[in-house]
>>> print(open('final-v3.txt').read())   # compact mmCIF, C-alpha atoms
# COMPACT_ATOMS: atom_id res chain seq x y z
CA MET A 1 -39.77 60.61 46.87
CA THR A 2 -42.79 60.24 44.60
CA SER A 3 -45.20 63.16 44.58
CA ASN A 4 -48.22 60.81 44.80
CA PRO A 5 -47.82 58.69 47.93
CA GLY A 6 -51.05 56.74 47.34
CA LEU A 7 -53.00 54.74 49.90
CA LEU A 8 -50.06 52.39 50.53
CA PHE A 9 -48.15 55.22 52.14
CA SER A 10 -51.03 56.64 54.15
CA PRO A 11 -51.52 56.12 57.92
CA ILE A 12 -53.39 53.21 59.48
CA THR A 13 -54.41 52.64 63.08
CA ILE A 14 -54.19 49.24 64.77
CA GLY A 15 -55.69 49.40 68.23
CA SER A 16 -53.98 52.28 70.01
CA LEU A 17 -51.08 52.39 67.52
CA THR A 18 -51.03 54.59 64.41
CA LEU A 19 -48.53 53.63 61.72
CA PRO A 20 -47.45 55.96 58.90
CA ALA A 21 -47.90 53.46 56.05
CA ARG A 22 -49.48 50.11 55.18
CA LEU A 23 -46.64 47.81 54.10
CA PHE A 24 -45.35 45.62 56.94
CA LYS A 25 -42.68 42.98 57.37
CA THR A 26 -44.50 39.74 58.18
CA ALA A 27 -43.10 37.06 60.46
CA THR A 28 -40.40 34.75 59.14
CA ALA A 29 -38.36 32.38 61.30
CA GLU A 30 -34.89 33.83 61.76
CA THR A 31 -32.87 30.70 62.73
CA ARG A 32 -30.41 33.15 64.28
CA ALA A 33 -31.01 32.78 68.02
CA SER A 34 -28.72 30.86 70.33
CA GLU A 35 -29.45 27.16 70.73
CA ASP A 36 -31.40 27.94 73.91
CA GLY A 37 -33.49 30.71 72.36
CA PHE A 38 -31.66 33.89 73.36
CA VAL A 39 -31.24 36.95 71.14
CA THR A 40 -27.87 37.12 69.39
CA ASP A 41 -26.12 39.82 67.37
CA ALA A 42 -27.12 37.82 64.28
CA VAL A 43 -30.80 38.33 65.07
CA ILE A 44 -30.32 42.07 65.50
CA ASP A 45 -28.27 42.21 62.29
CA PHE A 46 -31.27 40.70 60.47
CA TYR A 47 -33.77 43.28 61.71
CA ARG A 48 -31.73 46.48 61.85
CA PRO A 49 -31.53 47.08 58.07
CA ILE A 50 -35.22 46.27 57.63
CA ALA A 51 -36.03 48.91 60.22
CA ALA A 52 -33.50 51.32 58.69
CA GLY A 53 -35.26 50.95 55.34
CA GLY A 54 -38.27 52.76 56.78
CA THR A 55 -40.52 49.75 57.35
CA PRO A 56 -43.37 50.99 59.59
CA LEU A 57 -44.04 47.67 61.36
CA ILE A 58 -41.92 44.55 61.69
CA ILE A 59 -43.29 41.29 63.13
CA THR A 60 -40.75 38.86 64.55
CA GLY A 61 -40.46 35.26 63.56
CA ASN A 62 -42.45 33.05 65.88
CA LEU A 63 -41.25 33.15 69.48
CA TYR A 64 -41.90 29.94 71.35
CA ILE A 65 -43.93 30.46 74.50
CA SER A 66 -42.63 27.29 76.18
CA ARG A 67 -40.04 24.65 75.47
CA GLN A 68 -42.90 22.32 74.57
CA GLY A 69 -44.00 24.73 71.85
CA LYS A 70 -40.62 25.12 70.15
CA SER A 71 -40.71 24.20 66.46
CA ALA A 72 -37.12 24.51 65.21
CA PRO A 73 -33.49 24.90 66.32
CA ARG A 74 -32.16 28.41 66.94
CA GLN A 75 -35.69 29.76 67.35
CA LEU A 76 -36.20 32.80 69.56
CA GLY A 77 -37.97 32.17 72.84
CA ALA A 78 -40.13 34.25 75.18
CA ASP A 79 -40.57 31.40 77.62
CA ALA A 80 -38.63 32.74 80.60
CA ASP A 81 -37.75 36.02 82.24
CA ASP A 82 -34.06 35.66 81.44
CA LYS A 83 -34.97 36.19 77.77
CA ILE A 84 -36.22 39.74 78.46
CA PRO A 85 -32.87 41.62 78.37
CA GLY A 86 -31.97 40.19 74.96
CA LEU A 87 -35.43 40.88 73.55
CA ALA A 88 -35.17 44.44 74.88
CA ARG A 89 -31.82 44.87 73.12
CA MET A 90 -33.42 43.74 69.85
CA VAL A 91 -36.36 46.12 70.31
CA GLU A 92 -34.01 49.01 71.04
CA ALA A 93 -32.11 48.37 67.80
CA VAL A 94 -35.34 48.44 65.78
CA HIS A 95 -36.77 51.47 67.58
CA ALA A 96 -33.52 53.35 67.02
CA GLN A 97 -34.28 53.22 63.29
CA GLY A 98 -37.85 54.47 63.75
CA ALA A 99 -39.77 51.23 63.15
CA ARG A 100 -42.42 49.63 65.36
CA PHE A 101 -41.99 46.02 66.44
CA PHE A 102 -44.52 43.28 67.24
CA ALA A 103 -43.61 39.89 68.72
CA GLN A 104 -45.30 36.87 67.18
CA LEU A 105 -46.13 34.27 69.85
CA ASN A 106 -46.59 30.64 68.94
CA HIS A 107 -46.87 27.03 70.04
CA CYS A 108 -46.18 24.57 67.22
CA GLY A 109 -48.39 21.75 68.48
CA ARG A 110 -48.09 18.67 66.28
CA GLN A 111 -46.22 20.44 63.45
CA VAL A 112 -42.77 19.45 64.61
CA VAL A 113 -40.11 16.93 63.67
CA PRO A 114 -39.14 15.74 67.17
CA ASP A 115 -35.59 14.72 66.28
CA PHE A 116 -34.98 18.06 64.57
CA VAL A 117 -35.80 20.14 67.62
CA GLY A 118 -35.18 17.63 70.39
CA ALA A 119 -38.82 17.49 71.46
CA SER A 120 -39.72 15.02 74.15
CA GLU A 121 -43.43 15.87 74.27
CA VAL A 122 -45.69 16.68 71.31
CA VAL A 123 -49.27 17.77 71.96
CA SER A 124 -52.26 18.94 69.96
CA ALA A 125 -56.01 19.28 70.19
CA SER A 126 -56.36 15.58 69.31
CA ALA A 127 -54.04 12.65 68.62
CA VAL A 128 -54.10 13.06 64.83
CA LYS A 129 -50.88 12.13 63.03
CA ASP A 130 -49.29 14.78 60.85
CA LEU A 131 -49.10 13.19 57.40
CA LEU A 132 -46.04 15.20 56.38
CA THR A 133 -43.81 14.56 59.38
CA GLY A 134 -45.34 11.34 60.69
CA THR A 135 -45.57 12.91 64.14
CA ARG A 136 -48.47 11.69 66.25
CA PRO A 137 -49.19 14.06 69.16
CA GLU A 138 -50.92 13.38 72.42
CA ALA A 139 -54.34 14.97 72.91
CA MET A 140 -54.05 17.78 75.43
CA THR A 141 -55.74 17.48 78.78
CA VAL A 142 -57.71 20.43 80.11
CA ALA A 143 -54.91 21.04 82.59
CA GLN A 144 -52.41 21.20 79.73
CA ILE A 145 -54.64 23.61 77.85
CA ARG A 146 -54.78 25.89 80.86
CA GLN A 147 -51.00 25.75 81.16
CA VAL A 148 -50.55 26.77 77.51
CA VAL A 149 -52.99 29.65 78.00
CA GLU A 150 -50.84 30.81 80.90
CA ASP A 151 -47.67 30.34 78.82
CA PHE A 152 -49.04 32.61 76.08
CA ALA A 153 -50.01 35.26 78.62
CA ALA A 154 -46.67 35.15 80.42
CA ALA A 155 -44.77 35.36 77.12
CA ALA A 156 -46.84 38.39 76.06
CA ALA A 157 -46.13 40.11 79.36
CA ARG A 158 -42.40 39.53 78.85
CA CYS A 159 -42.60 40.99 75.36
CA ARG A 160 -44.35 44.08 76.63
CA GLN A 161 -41.73 44.44 79.35
CA ALA A 162 -39.03 44.14 76.67
CA GLY A 163 -40.57 47.10 74.84
CA PHE A 164 -42.40 45.49 71.92
CA ASP A 165 -45.18 47.68 70.55
CA GLY A 166 -47.65 44.79 70.36
CA VAL A 167 -47.96 41.03 69.96
CA GLN A 168 -49.37 38.72 67.35
CA MET A 169 -51.07 35.43 68.22
CA HIS A 170 -50.12 32.86 65.58
CA SER A 171 -53.33 31.02 64.73
CA ALA A 172 -52.47 30.26 61.09
CA ASN A 173 -50.61 27.65 59.04
CA GLY A 174 -51.60 24.64 61.14
CA TYR A 175 -49.87 25.56 64.40
CA LEU A 176 -51.50 24.78 67.76
CA LEU A 177 -54.11 27.54 67.83
CA SER A 178 -55.01 26.63 64.24
CA GLN A 179 -55.14 22.93 65.17
CA PHE A 180 -57.88 23.68 67.68
CA LEU A 181 -59.92 25.53 65.05
CA THR A 182 -59.77 22.87 62.32
CA PRO A 183 -62.13 19.87 62.59
CA TYR A 184 -59.57 17.62 60.91
CA THR A 185 -57.10 18.16 63.77
CA ASN A 186 -59.65 18.80 66.55
CA ARG A 187 -61.84 15.77 67.24
CA ARG A 188 -62.49 16.57 70.87
CA THR A 189 -65.87 16.03 72.49
CA ASP A 190 -65.38 18.37 75.44
CA ASP A 191 -65.80 22.15 75.67
CA TYR A 192 -62.86 22.68 73.28
CA GLY A 193 -64.24 20.65 70.37
CA GLY A 194 -67.33 20.18 68.24
CA SER A 195 -69.10 23.42 67.37
CA LEU A 196 -67.28 26.44 65.98
CA GLU A 197 -67.94 28.29 69.24
CA ARG A 198 -66.23 25.52 71.19
CA ARG A 199 -63.33 25.21 68.77
CA THR A 200 -62.62 28.93 69.19
CA ARG A 201 -62.64 28.67 72.98
CA PHE A 202 -58.92 27.98 73.28
CA GLY A 203 -58.02 30.98 71.14
CA ARG A 204 -60.42 33.23 73.04
CA GLU A 205 -58.96 32.11 76.35
CA VAL A 206 -55.44 32.81 75.09
CA TYR A 207 -56.50 36.28 73.95
CA GLN A 208 -58.29 37.06 77.21
CA ALA A 209 -55.32 35.90 79.28
CA ILE A 210 -52.92 38.03 77.23
CA ARG A 211 -55.22 41.03 77.45
CA ALA A 212 -55.43 40.68 81.22
CA ARG A 213 -51.61 40.80 81.42
CA VAL A 214 -50.83 43.59 78.94
CA GLY A 215 -53.74 45.97 79.59
CA PRO A 216 -56.54 47.41 77.47
CA ASP A 217 -54.48 49.62 75.13
CA TYR A 218 -51.74 47.24 74.06
CA PRO A 219 -52.19 46.02 70.45
CA ILE A 220 -52.93 42.31 70.05
CA ILE A 221 -53.37 41.06 66.50
CA LEU A 222 -54.13 37.62 65.09
CA LYS A 223 -52.57 35.72 62.21
CA MET A 224 -55.06 33.24 60.78
CA ASN A 225 -55.87 31.33 57.65
CA GLY A 226 -58.14 32.48 54.86
CA ALA A 227 -58.53 28.79 53.97
CA ASP A 228 -56.99 25.61 55.36
CA ARG A 229 -56.42 24.10 51.91
CA LEU A 230 -56.63 20.50 53.12
CA PRO A 231 -58.13 18.51 50.23
CA LEU A 232 -60.02 15.34 51.21
CA ARG A 233 -59.75 16.33 54.88
CA ASP A 234 -62.09 18.30 57.10
CA GLY A 235 -60.36 21.65 56.83
CA LEU A 236 -61.90 25.08 57.24
CA LYS A 237 -63.20 27.04 54.28
CA THR A 238 -63.14 30.81 54.04
CA ASP A 239 -66.68 31.44 55.28
CA GLU A 240 -66.01 29.43 58.44
CA LEU A 241 -62.77 31.29 59.04
CA VAL A 242 -64.54 34.61 58.59
CA ALA A 243 -66.89 33.46 61.35
CA VAL A 244 -63.84 32.70 63.51
CA ALA A 245 -62.50 36.19 62.81
CA ARG A 246 -65.81 37.75 63.81
CA ILE A 247 -65.73 35.86 67.12
CA MET A 248 -62.16 36.97 67.81
CA ALA A 249 -62.90 40.56 66.80
CA ALA A 250 -65.85 40.59 69.19
CA ALA A 251 -63.47 39.37 71.90
CA GLY A 252 -61.24 42.37 71.23
CA ILE A 253 -58.53 41.46 68.67
CA ASP A 254 -57.18 44.64 67.07
CA ALA A 255 -56.41 43.34 63.55
CA VAL A 256 -56.12 40.11 61.56
CA GLU A 257 -53.41 39.06 59.12
CA ILE A 258 -54.62 36.52 56.56
CA SER A 259 -52.43 33.63 55.45
CA VAL A 260 -53.28 30.14 54.13
CA GLY A 261 -52.64 26.45 54.64
CA HIS A 262 -51.19 23.89 57.07
CA TYR A 263 -47.91 21.99 56.70
CA GLU A 264 -49.96 19.14 55.25
CA SER A 265 -51.25 21.50 52.55
CA GLY A 266 -47.91 21.62 50.76
CA PHE A 267 -46.69 25.07 49.73
CA PRO A 268 -49.72 27.35 49.15
CA MET A 269 -48.31 29.88 51.64
CA VAL A 270 -45.06 30.40 49.69
CA CYS A 271 -46.02 30.22 46.02
CA GLY A 272 -43.06 30.23 43.66
CA THR A 273 -40.58 27.59 42.49
CA PHE A 274 -39.36 24.75 44.66
CA ARG A 275 -36.22 23.08 43.28
CA ARG A 276 -33.90 25.11 45.51
CA CYS A 277 -36.35 24.98 48.42
CA LEU A 278 -36.69 21.19 48.49
CA ARG A 279 -32.97 20.64 47.98
CA HIS A 280 -32.28 22.79 51.02
CA MET A 281 -35.01 21.08 53.05
CA MET A 282 -33.44 17.69 52.41
CA ARG A 283 -30.27 18.97 54.08
CA GLY A 284 -32.17 20.58 56.94
CA SER A 285 -35.49 19.76 58.62
CA MET A 286 -36.42 16.90 56.27
CA ALA A 287 -33.16 15.10 57.06
CA HIS A 288 -34.66 14.43 60.51
CA LEU A 289 -37.88 12.82 59.28
CA PRO A 290 -38.56 9.17 60.10
CA PRO A 291 -36.50 6.97 57.73
CA LEU A 292 -39.38 5.88 55.46
CA ARG A 293 -40.63 9.42 54.88
CA ARG A 294 -37.11 10.75 54.45
CA ASN A 295 -36.23 8.11 51.86
CA LEU A 296 -39.49 8.53 49.97
CA LEU A 297 -38.95 12.27 49.76
CA ARG A 298 -35.39 11.77 48.59
CA VAL A 299 -36.47 9.38 45.82
CA PHE A 300 -39.48 11.38 44.69
CA ARG A 301 -38.07 14.87 45.20
CA PRO A 302 -37.87 15.59 41.42
CA LEU A 303 -41.55 14.70 41.03
CA VAL A 304 -42.52 16.66 44.14
CA THR A 305 -40.64 19.65 42.74
CA VAL A 306 -42.46 19.50 39.41
CA ALA A 307 -45.84 19.04 41.11
CA SER A 308 -45.19 21.90 43.52
CA ASP A 309 -44.15 24.24 40.72
CA LEU A 310 -47.40 23.44 38.90
CA LEU A 311 -49.69 23.61 41.94
CA TRP A 312 -48.28 26.76 43.54
CA PRO A 313 -46.74 29.05 40.90
CA ALA A 314 -45.60 32.53 41.86
CA ARG A 315 -48.48 34.99 41.97
CA GLU A 316 -48.71 38.38 43.62
CA GLY A 317 -51.27 38.80 46.36
CA PHE A 318 -52.51 35.21 46.28
CA ASN A 319 -54.36 35.55 49.59
CA LEU A 320 -56.48 38.32 48.10
CA ASP A 321 -58.64 35.35 47.09
CA TYR A 322 -59.85 35.37 50.72
CA THR A 323 -59.43 38.82 52.24
CA PRO A 324 -62.45 40.57 50.65
CA ARG A 325 -64.80 38.41 52.73
CA PHE A 326 -62.91 39.27 55.91
CA LYS A 327 -62.90 42.93 54.94
CA ALA A 328 -66.67 42.91 54.42
CA ALA A 329 -67.33 41.21 57.77
CA LEU A 330 -64.94 43.04 60.10
CA ASP A 331 -64.52 46.55 61.48
CA ILE A 332 -60.86 46.00 62.36
CA PRO A 333 -57.93 46.19 59.92
CA VAL A 334 -57.41 43.24 57.60
CA ILE A 335 -53.77 42.66 56.60
CA CYS A 336 -53.00 40.45 53.61
CA VAL A 337 -49.75 38.52 53.25
CA GLY A 338 -48.83 36.44 50.23
CA GLY A 339 -46.62 37.07 47.24
CA PHE A 340 -46.62 40.87 47.15
CA ARG A 341 -43.68 42.19 45.18
CA THR A 342 -44.64 45.43 43.39
CA ARG A 343 -46.06 48.75 44.51
CA GLU A 344 -48.69 48.56 41.77
CA THR A 345 -50.19 45.31 43.11
CA MET A 346 -50.07 46.49 46.72
CA GLU A 347 -51.69 49.80 45.85
CA ALA A 348 -54.40 48.12 43.78
CA ALA A 349 -55.28 45.76 46.66
CA LEU A 350 -55.81 48.74 48.96
CA GLN A 351 -57.53 51.02 46.46
CA ASN A 352 -59.97 48.24 45.52
CA GLY A 353 -60.87 47.63 49.16
CA LEU A 354 -59.55 44.06 49.23
CA CYS A 355 -57.58 44.65 52.45
CA ASP A 356 -56.42 47.50 54.70
CA ALA A 357 -52.68 46.77 54.68
CA VAL A 358 -50.26 44.32 53.09
CA SER A 359 -47.33 42.38 54.54
CA ALA A 360 -44.42 40.54 52.98
CA GLY A 361 -41.65 38.22 54.11
CA ARG A 362 -39.43 36.91 51.33
CA PRO A 363 -39.11 40.30 49.56
CA PHE A 364 -37.73 41.85 52.76
CA ILE A 365 -35.26 38.99 53.08
CA ALA A 366 -34.03 39.75 49.55
CA ASP A 367 -34.18 43.53 50.02
CA PRO A 368 -34.25 44.84 53.60
CA TRP A 369 -34.81 48.33 52.20
CA LEU A 370 -37.88 47.23 50.23
CA PHE A 371 -40.16 49.80 51.85
CA ARG A 372 -37.79 52.67 51.04
CA HIS A 373 -37.26 51.48 47.47
CA LEU A 374 -40.98 51.16 46.77
CA ARG A 375 -41.76 54.48 48.39
CA ASP A 376 -39.07 56.36 46.48
CA GLY A 377 -39.41 54.49 43.21
CA THR A 378 -35.78 53.36 43.30
CA PRO A 379 -34.49 49.87 42.37
CA GLY A 380 -33.21 47.29 44.80
CA PRO A 381 -32.63 43.54 44.97
CA ARG A 382 -35.83 41.75 43.99
CA CYS A 383 -37.05 38.41 45.28
CA VAL A 384 -37.47 35.86 42.47
CA ASP A 385 -39.62 33.43 44.50
CA CYS A 386 -37.03 30.64 44.44
CA ASN A 387 -37.91 29.77 48.07
CA GLY A 388 -34.32 28.92 48.91
CA CYS A 389 -34.80 30.90 52.11
CA VAL A 390 -37.84 28.81 53.01
CA GLY A 391 -35.93 25.57 52.50
CA HIS A 392 -33.23 26.68 54.92
CA LEU A 393 -35.52 27.81 57.76
CA GLY A 394 -34.63 26.03 60.94
CA ALA A 395 -31.30 24.86 59.54
CA GLN A 396 -29.48 27.97 58.29
CA PRO A 397 -29.89 31.67 59.15
CA ALA A 398 -32.74 33.45 57.40
CA ASP A 399 -31.24 35.13 54.36
CA CYS A 400 -31.49 35.19 50.59
CA TYR A 401 -29.97 32.07 49.05
CA HIS A 402 -30.38 32.96 45.37
CA PRO A 403 -26.81 33.69 44.17
CA ARG A 404 -27.55 36.73 42.03
CA VAL A 405 -30.08 38.35 44.37
CA ARG A 406 -27.89 37.63 47.40
CA ALA A 407 -24.91 39.28 45.70
CA GLU A 408 -27.01 42.38 45.00
CA LYS A 409 -28.21 42.49 48.59
CA ASP A 410 -24.74 42.04 50.05
CA ALA A 411 -23.33 44.77 47.82
CA MET A 412 -26.12 47.16 48.81
CA LEU A 413 -25.62 46.60 52.53
CA ALA A 414 -21.82 46.69 52.28
CA ALA A 415 -21.97 50.06 50.55
CA ALA A 416 -24.16 51.36 53.38
CA GLY A 417 -21.56 50.51 55.98
CA PRO A 418 -22.09 49.26 59.55
CA GLY A 419 -25.52 47.83 60.33
CA GLY A 420 -26.89 48.13 56.79
CA VAL A 421 -28.27 51.58 57.57
CA PRO A 422 -28.78 53.81 54.51
CA ILE A 423 -26.47 56.80 54.65
CA SER A 424 -29.37 59.24 54.30
CA THR A 425 -31.01 57.91 57.49
CA ARG A 426 -28.01 58.22 59.79
>>> encode(input="final-v3.txt", output="structure tokens")
Amino acid sequence: MTSNPGLLFSPITIGSLTLPARLFKTATAETRASEDGFVTDAVIDFYRPIAAGGTPLIITGNLYISRQGKSAPRQLGADADDKIPGLARMVEAVHAQGARFFAQLNHCGRQVVPDFVGASEVVSASAVKDLLTGTRPEAMTVAQIRQVVEDFAAAAARCRQAGFDGVQMHSANGYLLSQFLTPYTNRRTDDYGGSLERRTRFGREVYQAIRARVGPDYPIILKMNGADRLPLRDGLKTDELVAVARIMAAAGIDAVEISVGHYESGFPMVCGTFRRCLRHMMRGSMAHLPPLRRNLLRVFRPLVTVASDLLWPAREGFNLDYTPRFKAALDIPVICVGGFRTRETMEAALQNGLCDAVSAGRPFIADPWLFRHLRDGTPGPRCVDCNGCVGHLGAQPADCYHPRVRAEKDAMLAAAGPGGVPISTR
């Protein structure tokens, strides 16, 4: 172990929970649940080695809070009490390796391909068509809003009962909570639309309902955008989102994790290269688009790939463009996700006061022992930002799909033996 642990490997407190270091595994969809949303051995096999690698905090992929809110096949659910035993088994496997575990709770709103997930009802703040998928949702009634608030609260209570150490409300990346915040997707004229205060009402009600169910000391954190990145549309800029964060912090949120973009934004949330990603998407979720969109994407995929590579090249810490303004405005921890690969960049972000902690997704998919390797200064498989894993989400199990990196990962875990647990931690 290095003799200079640095700020990255120093403790941080989130609500009532103190963690020993500041690098977390962010949420990524697992596509490993059963078709009806139950935990499987494949889900546990995904998380166990990440926990065994010393990762202080792991956040699940988004758990749907109701069947209406499901966004992809083989997504984990927290929508019914019969899910609790499986979730508890998953938590036990992570806790056995010494990691803490948060459940990310989500409703996808309009960001769904109905044929892909078998959705019969698609709702959002307003009836604004999603330009990527072609899905036009129904505007939610007040009664439907109240039901979703209850669904979030009930799902959080189940997660606490299952043993999770906290929950994360997913209000980023254009999902339902984000749709209520953004003027482009929220054109309501009632108490849930119009002013910023009204557009945050839904999120505040969800938080308050969760808090009432889980108690005052249970950590509740928020994932939200640093910018909507919706050119030529009425998306939120950073200063407006900082104001949202201040409102949610005043309500009682224990930390914020800063991401970027909606589905309609393209790929600003997964900067890298996109040839492998788009090829995989065409065999997965995009194969279920309406025929015109599907055929256009198939024809223009080479051009979309080139444009995406130019618009969103790989860059470490790309959401550090936004986090300093959140850090200056908030007294709660600010977590930054987005392209982190090296200890030097992570440490610099913390030392320079740009955020309080960092999180990563794709690097942990490539190297479940990433935390251990960075801490000890030892090599491991390294994500090359090909986004093959992103292209497969919802269609194939979350894993590394770059041939060389995947081979390195498989060899590392095979040498460790059962469960991908490093020998020195058994």
>>> closest_residue(input="final-v3.txt", among="A:Ile221, A:His288, A:Val112, A:Gln161", to="Gly15 of chain A", atoms="all atoms listed in the file")
A:Ile221
>>> residues_around(input="final-v3.txt", residues="segment 395-411 of chain A", least_positions_apart="6", cutoff="6 Å", atoms="only C-alpha atoms", output="list in words")
Glu30, Thr31, Arg32, Gly284, Ile365, Ala366, Pro381, Gly388 and Cys389 of chain A
>>> write_last_selection(input="final-v3.txt", atoms="C-alpha atoms", output="compact mmCIF listing (two decimals), in the coordinates of the input")
# COMPACT_ATOMS: atom_id res chain seq x y z
CA GLU A 30 -34.89 33.83 61.76
CA THR A 31 -32.87 30.70 62.73
CA ARG A 32 -30.41 33.15 64.28
CA GLY A 284 -32.17 20.58 56.94
CA ILE A 365 -35.26 38.99 53.08
CA ALA A 366 -34.03 39.75 49.55
CA PRO A 381 -32.63 43.54 44.97
CA GLY A 388 -34.32 28.92 48.91
CA CYS A 389 -34.80 30.90 52.11
>>> closest_residue(input="final-v3.txt", among="A:Arg146, A:His107, A:Arg199, A:Arg100", to="Ala72 of chain A", atoms="all atoms listed in the file")
A:His107
>>> atom_distance(input="final-v3.txt", atom1="atom CA of Val206 of chain A", atom2="atom CA of Val334 of chain A")
20.5 Å
>>> atom_distance(input="final-v3.txt", atom1="atom CA of Ala125 of chain A", atom2="atom CA of Thr189 of chain A")
10.6 Å
>>> closest_residue(input="final-v3.txt", among="A:Leu181, A:Ala51, A:Leu292, A:Val214", to="Phe364 of chain A", atoms="only C-alpha atoms")
A:Ala51
>>> atom_distance(input="final-v3.txt", atom1="atom CA of Val113 of chain A", atom2="atom CA of Arg294 of chain A")
11.5 Å
>>> residues_around(input="final-v3.txt", residues="Pro422 of chain A", least_positions_apart="4", cutoff="10 Å", atoms="only C-alpha atoms", output="CSV table (one decimal) with C-alpha atoms, in the frame of the given file")
chain,number,residue,atom,x,y,z
A,49,PRO,CA,-31.5,47.1,58.1
A,52,ALA,CA,-33.5,51.3,58.7
A,53,GLY,CA,-35.3,51.0,55.3
A,54,GLY,CA,-38.3,52.8,56.8
A,369,TRP,CA,-34.8,48.3,52.2
A,372,ARG,CA,-37.8,52.7,51.0
A,412,MET,CA,-26.1,47.2,48.8
A,413,LEU,CA,-25.6,46.6,52.5
A,415,ALA,CA,-22.0,50.1,50.6
A,416,ALA,CA,-24.2,51.4,53.4
A,417,GLY,CA,-21.6,50.5,56.0
A,418,PRO,CA,-22.1,49.3,59.6
A,426,ARG,CA,-28.0,58.2,59.8
>>> residues_around(input="final-v3.txt", residues="Ala103 of chain A", least_positions_apart="3", cutoff="7 Å", atoms="all atoms listed in the file", output="CSV table (one decimal) with C-alpha atoms, in the coordinates of the input")
chain,number,residue,atom,x,y,z
A,59,ILE,CA,-43.3,41.3,63.1
A,60,THR,CA,-40.8,38.9,64.6
A,159,CYS,CA,-42.6,41.0,75.4
A,164,PHE,CA,-42.4,45.5,71.9
A,166,GLY,CA,-47.6,44.8,70.4
A,167,VAL,CA,-48.0,41.0,70.0
A,168,GLN,CA,-49.4,38.7,67.4
>>> residues_around(input="final-v3.txt", residues="Gly193 of chain A", least_positions_apart="5", cutoff="12 Å", atoms="only C-alpha atoms", output="list of chain:residue names")
A:Ala125, A:Ser126, A:Ala139, A:Met140, A:Val142, A:Gln179, A:Phe180, A:Leu181, A:Thr182, A:Pro183, A:Tyr184, A:Thr185, A:Asn186, A:Arg187, A:Arg188, A:Arg198, A:Arg199, A:Thr200, A:Arg201, A:Phe202
>>> axis_aligned_box(input="final-v3.txt", around="segment 292-304 of chain A", padding_each_side="5 Å", output="AutoDock Vina command-line options")
--center_x -39.0 --center_y 11.3 --center_z 48.2 --size_x 17.1 --size_y 20.8 --size_z 24.4
>>> residues_around(input="final-v3.txt", residues="Met224 of chain A", least_positions_apart="4", cutoff="8 Å", atoms="all atoms listed in the file", output="MDAnalysis selection string")
chainID A and resid 170:173 178 256:260
